[in-house]
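**Q** Structure provided below as structure tokens; questions to follow.
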Amino acid sequence: MASVQFGQHAPAARVILHLSDTHLLGGDRLLGDRYDSARHLQRTLDAAEATGVRPDAVVFTGDLTDLGEPEAYRALRDAVEPWAARLGAPVVWVAGNHDERPALRQGLLDAEPTEEPVTGVWDLGGLRLIALDSTVPGWHHGDLDASQLTWLRDVLAEPAPFGTLLALHHPPLPTHIPFFDILELRDQPGLAAAIAGSDVRGILAGHLHYSTSGTFAGIPVSVAAASCYTMDLARPADEVNGMDAGRSFHLVHVWEDTVTHAVVPVVDAEGSDYFSPEWVARMAAMSPAERLEAFSRKR
């Protein structure tokens, strides 16, 4: 991660890797007899590691498996835990509508296999990360019941030094894709009331299989695309379907006064080599005026 400061802002205080919708199946089966979700996950992990970022946390915002199979959770853990250990980062698992709470709790958290919501709170050096469980057992739409919203209010009652990020599967945003409206997060007014006046600075979500962003109750929402397959949005809304392309993840940079969400495509494409660590070192050795002269002035 770059540690030099050439502009008005110092390097970010915290960095989070945000991935979503891995949809693993047991037995290394193809998802929908078409998508190699295990291979695509590994390619995504490799791409994230290649950025050189050593994040403060890695967040997977749900649909970790496609059918909630114990074997699929084992495969996910086997793929992710050694990778996260190399990055030196804790992993935050968020439940999605394709997950099953008992198998997730036992397979990823070493917890009792109950139907209790999968929630948690992490202190990332003063930045608080809260995982919510928007799943509804037996259904694919999302919701947050009264007890979980009460718990959220209690956690948020005391502000964190760097504020709070929420992570959940179903985004509290509208979408232009008709079928996603059926599977939306319900009781969004209840969530808005629970976070009103709090230190929540951003919401991370998944579910849609395409990257998008918006605001909810005045708070930025960032949705990461899936690692397994994405939505072909270059079609009329009522003809949108999945495609085996366009996968990405997000780099979340947290400053004292803002949070950014960079969409990182997972592609195999040849790039140029103009910029390099040597180029950065050369610029760092110059004065601000010299840097502007060398790089900003039009020739």
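Chain lettering (A, B, ...) mirrors the order of the structure tokens, residue numbering begins at 1 for each chain separately, and ligand numbering begins at 1 in order of display.
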Give me, as an MDAnalysis selection string, all polymer residues having an atom no more than 9 Å from A:Pro70, counting only C-alpha atoms and skipping those fewer than 6 positions away in the same chain.
**A** chainID A and resid 26 103:104 106:107
**Q** Taking the chain letters and numbering used in this document, name the residues of stretch 6-143 of chain A that DSSP puts in strand (DSSP E or B), as a PyMOL selection string.
**A** chain A and resi 14-19+24+31+35+57-61+65+91-94+120-124+127-131+135+142
**Q** Taking the backbone alone, and naming residues the way the document does, which bits of stretch 59-239 of chain A are alpha helix (DSSP H) by DSSP, as an MDAnalysis selection string?
**A** chainID A and resid 70:87 101:109 146:156 178:182 188:195
**Q** Could you tell me how far atom CA of A:Pro172 sits from atom CA of A:Leu67, in Å to one decimal place?
**A**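 Straight-line distance from atom CA of A:Leu67 to atom CA of A:Pro172 works out to 23.8 Å.
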**Q** Residues at most 9 Å from A:Gly163, counting only C-alpha atoms, excluding those fewer than 2 positions away in the same chain, as a PDB file with all heavy atoms, in the first residue's frame?
**A**
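Final output, saved to part_31.pdb:
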```pdb
ATOM      1  N   GLY A 126      -9.946   1.308  16.263  1.00  0.00           N
ATOM      2  CA  GLY A 126     -10.798   2.481  16.442  1.00  0.00           C
ATOM      3  C   GLY A 126     -11.912   2.586  15.426  1.00  0.00           C
ATOM      4  O   GLY A 126     -12.884   3.318  15.641  1.00  0.00           O
ATOM      5  N   LEU A 127     -11.796   1.887  14.293  1.00  0.00           N
ATOM      6  CA  LEU A 127     -12.888   1.806  13.327  1.00  0.00           C
ATOM      7  C   LEU A 127     -13.737   0.596  13.697  1.00  0.00           C
ATOM      8  O   LEU A 127     -13.232  -0.526  13.757  1.00  0.00           O
ATOM      9  CB  LEU A 127     -12.351   1.650  11.909  1.00  0.00           C
ATOM     10  CG  LEU A 127     -13.397   1.406  10.816  1.00  0.00           C
ATOM     11  CD1 LEU A 127     -14.286   2.620  10.619  1.00  0.00           C
ATOM     12  CD2 LEU A 127     -12.726   1.005   9.509  1.00  0.00           C
ATOM     13  N   ARG A 128     -15.013   0.829  13.957  1.00  0.00           N
ATOM     14  CA  ARG A 128     -15.894  -0.272  14.359  1.00  0.00           C
ATOM     15  C   ARG A 128     -16.601  -0.846  13.130  1.00  0.00           C
ATOM     16  O   ARG A 128     -17.144  -0.118  12.304  1.00  0.00           O
ATOM     17  CB  ARG A 128     -16.922   0.224  15.375  1.00  0.00           C
ATOM     18  CG  ARG A 128     -17.885  -0.863  15.848  1.00  0.00           C
ATOM     19  CD  ARG A 128     -18.668  -0.403  17.064  1.00  0.00           C
ATOM     20  NE  ARG A 128     -19.326   0.870  16.839  1.00  0.00           N
ATOM     21  CZ  ARG A 128     -19.807   1.644  17.824  1.00  0.00           C
ATOM     22  NH1 ARG A 128     -19.661   1.274  19.091  1.00  0.00           N
ATOM     23  NH2 ARG A 128     -20.411   2.790  17.541  1.00  0.00           N
ATOM     24  N   LEU A 129     -16.585  -2.163  13.035  1.00  0.00           N
ATOM     25  CA  LEU A 129     -17.278  -2.867  11.965  1.00  0.00           C
ATOM     26  C   LEU A 129     -18.332  -3.764  12.591  1.00  0.00           C
ATOM     27  O   LEU A 129     -18.024  -4.578  13.473  1.00  0.00           O
ATOM     28  CB  LEU A 129     -16.291  -3.699  11.144  1.00  0.00           C
ATOM     29  CG  LEU A 129     -16.869  -4.539  10.018  1.00  0.00           C
ATOM     30  CD1 LEU A 129     -17.509  -3.671   8.949  1.00  0.00           C
ATOM     31  CD2 LEU A 129     -15.792  -5.430   9.404  1.00  0.00           C
ATOM     32  N   PRO A 159     -20.203   5.958  20.594  1.00  0.00           N
ATOM     33  CA  PRO A 159     -19.479   6.146  19.335  1.00  0.00           C
ATOM     34  C   PRO A 159     -18.088   5.520  19.381  1.00  0.00           C
ATOM     35  O   PRO A 159     -17.488   5.355  20.443  1.00  0.00           O
ATOM     36  CB  PRO A 159     -19.391   7.677  19.199  1.00  0.00           C
ATOM     37  CG  PRO A 159     -20.436   8.218  20.115  1.00  0.00           C
ATOM     38  CD  PRO A 159     -20.544   7.236  21.236  1.00  0.00           C
ATOM     39  N   ALA A 160     -17.578   5.159  18.204  1.00  0.00           N
ATOM     40  CA  ALA A 160     -16.221   4.641  18.065  1.00  0.00           C
ATOM     41  C   ALA A 160     -15.310   5.764  17.574  1.00  0.00           C
ATOM     42  O   ALA A 160     -15.766   6.690  16.897  1.00  0.00           O
ATOM     43  CB  ALA A 160     -16.200   3.477  17.077  1.00  0.00           C
ATOM     44  N   PRO A 161     -14.019   5.725  17.902  1.00  0.00           N
ATOM     45  CA  PRO A 161     -13.107   6.805  17.521  1.00  0.00           C
ATOM     46  C   PRO A 161     -13.118   7.142  16.027  1.00  0.00           C
ATOM     47  O   PRO A 161     -13.101   8.308  15.644  1.00  0.00           O
ATOM     48  CB  PRO A 161     -11.734   6.279  17.967  1.00  0.00           C
ATOM     49  CG  PRO A 161     -12.044   5.367  19.112  1.00  0.00           C
ATOM     50  CD  PRO A 161     -13.346   4.723  18.759  1.00  0.00           C
ATOM     51  N   LEU A 165     -18.742   1.150  10.384  1.00  0.00           N
ATOM     52  CA  LEU A 165     -19.228   0.621   9.117  1.00  0.00           C
ATOM     53  C   LEU A 165     -20.145  -0.564   9.414  1.00  0.00           C
ATOM     54  O   LEU A 165     -19.822  -1.403  10.259  1.00  0.00           O
ATOM     55  CB  LEU A 165     -18.073   0.158   8.227  1.00  0.00           C
ATOM     56  CG  LEU A 165     -17.079   1.207   7.737  1.00  0.00           C
ATOM     57  CD1 LEU A 165     -15.998   0.547   6.899  1.00  0.00           C
ATOM     58  CD2 LEU A 165     -17.773   2.305   6.947  1.00  0.00           C
ATOM     59  N   SER A 198     -26.402   8.153  14.741  1.00  0.00           N
ATOM     60  CA  SER A 198     -25.267   7.348  15.190  1.00  0.00           C
ATOM     61  C   SER A 198     -24.007   7.743  14.422  1.00  0.00           C
ATOM     62  O   SER A 198     -24.015   8.664  13.602  1.00  0.00           O
ATOM     63  CB  SER A 198     -25.558   5.854  14.987  1.00  0.00           C
ATOM     64  OG  SER A 198     -25.510   5.533  13.609  1.00  0.00           O
ATOM     65  N   ASP A 199     -22.923   7.011  14.681  1.00  0.00           N
ATOM     66  CA  ASP A 199     -21.648   7.301  14.005  1.00  0.00           C
ATOM     67  C   ASP A 199     -21.432   6.421  12.776  1.00  0.00           C
ATOM     68  O   ASP A 199     -20.301   6.300  12.298  1.00  0.00           O
ATOM     69  CB  ASP A 199     -20.485   7.141  14.987  1.00  0.00           C
ATOM     70  CG  ASP A 199     -20.255   5.692  15.414  1.00  0.00           C
ATOM     71  OD1 ASP A 199     -21.137   4.845  15.154  1.00  0.00           O
ATOM     72  OD2 ASP A 199     -19.204   5.402  16.001  1.00  0.00           O
ATOM     73  N   VAL A 200     -22.506   5.805  12.235  1.00  0.00           N
ATOM     74  CA  VAL A 200     -22.371   4.966  11.057  1.00  0.00           C
ATOM     75  C   VAL A 200     -21.963   5.824   9.866  1.00  0.00           C
ATOM     76  O   VAL A 200     -22.628   6.802   9.522  1.00  0.00           O
ATOM     77  CB  VAL A 200     -23.683   4.214  10.747  1.00  0.00           C
ATOM     78  CG1 VAL A 200     -23.555   3.453   9.426  1.00  0.00           C
ATOM     79  CG2 VAL A 200     -24.018   3.245  11.867  1.00  0.00           C
ATOM     80  N   ARG A 201     -20.856   5.434   9.227  1.00  0.00           N
ATOM     81  CA  ARG A 201     -20.283   6.202   8.127  1.00  0.00           C
ATOM     82  C   ARG A 201     -20.478   5.543   6.775  1.00  0.00           C
ATOM     83  O   ARG A 201     -20.254   6.170   5.738  1.00  0.00           O
ATOM     84  CB  ARG A 201     -18.787   6.405   8.353  1.00  0.00           C
ATOM     85  CG  ARG A 201     -18.434   7.060   9.670  1.00  0.00           C
ATOM     86  CD  ARG A 201     -16.930   7.202   9.821  1.00  0.00           C
ATOM     87  NE  ARG A 201     -16.369   8.021   8.740  1.00  0.00           N
ATOM     88  CZ  ARG A 201     -15.054   8.153   8.522  1.00  0.00           C
ATOM     89  NH1 ARG A 201     -14.194   7.512   9.286  1.00  0.00           N
ATOM     90  NH2 ARG A 201     -14.622   8.911   7.529  1.00  0.00           N
ATOM     91  N   GLU A 256     -10.223  10.025   8.078  1.00  0.00           N
ATOM     92  CA  GLU A 256     -10.953  10.632   9.191  1.00  0.00           C
ATOM     93  C   GLU A 256     -12.224  11.313   8.710  1.00  0.00           C
ATOM     94  O   GLU A 256     -13.242  11.302   9.402  1.00  0.00           O
ATOM     95  CB  GLU A 256     -10.062  11.647   9.911  1.00  0.00           C
ATOM     96  CG  GLU A 256     -10.693  12.252  11.156  1.00  0.00           C
ATOM     97  CD  GLU A 256      -9.737  13.151  11.904  1.00  0.00           C
ATOM     98  OE1 GLU A 256      -8.529  13.142  11.602  1.00  0.00           O
ATOM     99  OE2 GLU A 256     -10.202  13.879  12.803  1.00  0.00           O
TER     100      GLU A 256
END
```
**Q** From the options A:Trp122, A:Arg74, A:Ala79, A:Leu144, which residue's atoms come nearest to A:Asp110, counting only C-alpha atoms?
**A**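 The closest residue to A:Asp110 is A:Arg74.
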**Q** Which polymer residues have any atom within 12 Å of an atom of A:Ala85, counting only C-alpha atoms, with same-chain residues fewer than 6 positions away left out, as a VMD selection string?
**A** chain A and resid 49 54 to 58 77 to 79 91
**Q** In terms of the shortest atom-to-atom distance over only C-alpha atoms, which of A:Gly190, A:Ser37, A:Ser272, A:Leu132 is closest to A:Ala245?
**A**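 For A:Ala245, the nearest of the given residues is A:Ser37.
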**Q** From the options A:Ala225, A:Ala157, A:Ala217, A:Val15, which residue's atoms come nearest to A:Val254, counting only C-alpha atoms?
**A**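 Checking each candidate against A:Val254, we get A:Val15 as the closest.
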**Q** Between A:Val280, A:Val59, A:Leu173, A:Val4, which has the minimum distance to A:Ile16 (counting only C-alpha atoms)?
**A**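 The answer is A:Val59, which sits nearest to A:Ile16.
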**Q** Just give me the gap between atom CA of A:His9 and atom CA of A:Val221 in Å, one decimal is fine.
**A**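 For atom CA of A:His9 relative to atom CA of A:Val221, the distance reads 22.6 Å.
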**Q** Given the choices A:Arg34, A:Pro288, A:Gly138, A:Gln8, which gets closest to A:Met243 if the distance is worked out from only C-alpha atoms?
**A**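 So, comparing all the options, the nearest one is A:Arg34.
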**Q** Could you name the residues that touch A:Arg29 at 12 Å or less, counting only C-alpha atoms, but leaving out those on the same chain fewer than 2 positions away, as a ChimeraX atom specification?
**A** /A:23-27,31-39,65-67,69,71-72,75
**Q** Would you pick out the contacts of A:Tyr210 at 7 Å or less, using only C-alpha atoms, so that residues sharing its chain but fewer than 6 positions from it are not included, and give the list as a PyMOL selection string?
**A** chain A and resi 224-226+230-231
**Q** Between A:Ala205, A:Pro178, A:Arg282, A:Val263, single out the one closest to A:Asp238, counting only C-alpha atoms.
**A**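 Looking only at the distances to A:Asp238, the closest residue turns out to be A:Pro178.
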**Q** Separation of atom CA of A:Val223 and atom CA of A:Pro171, in Å?
**A** 7.0 Å
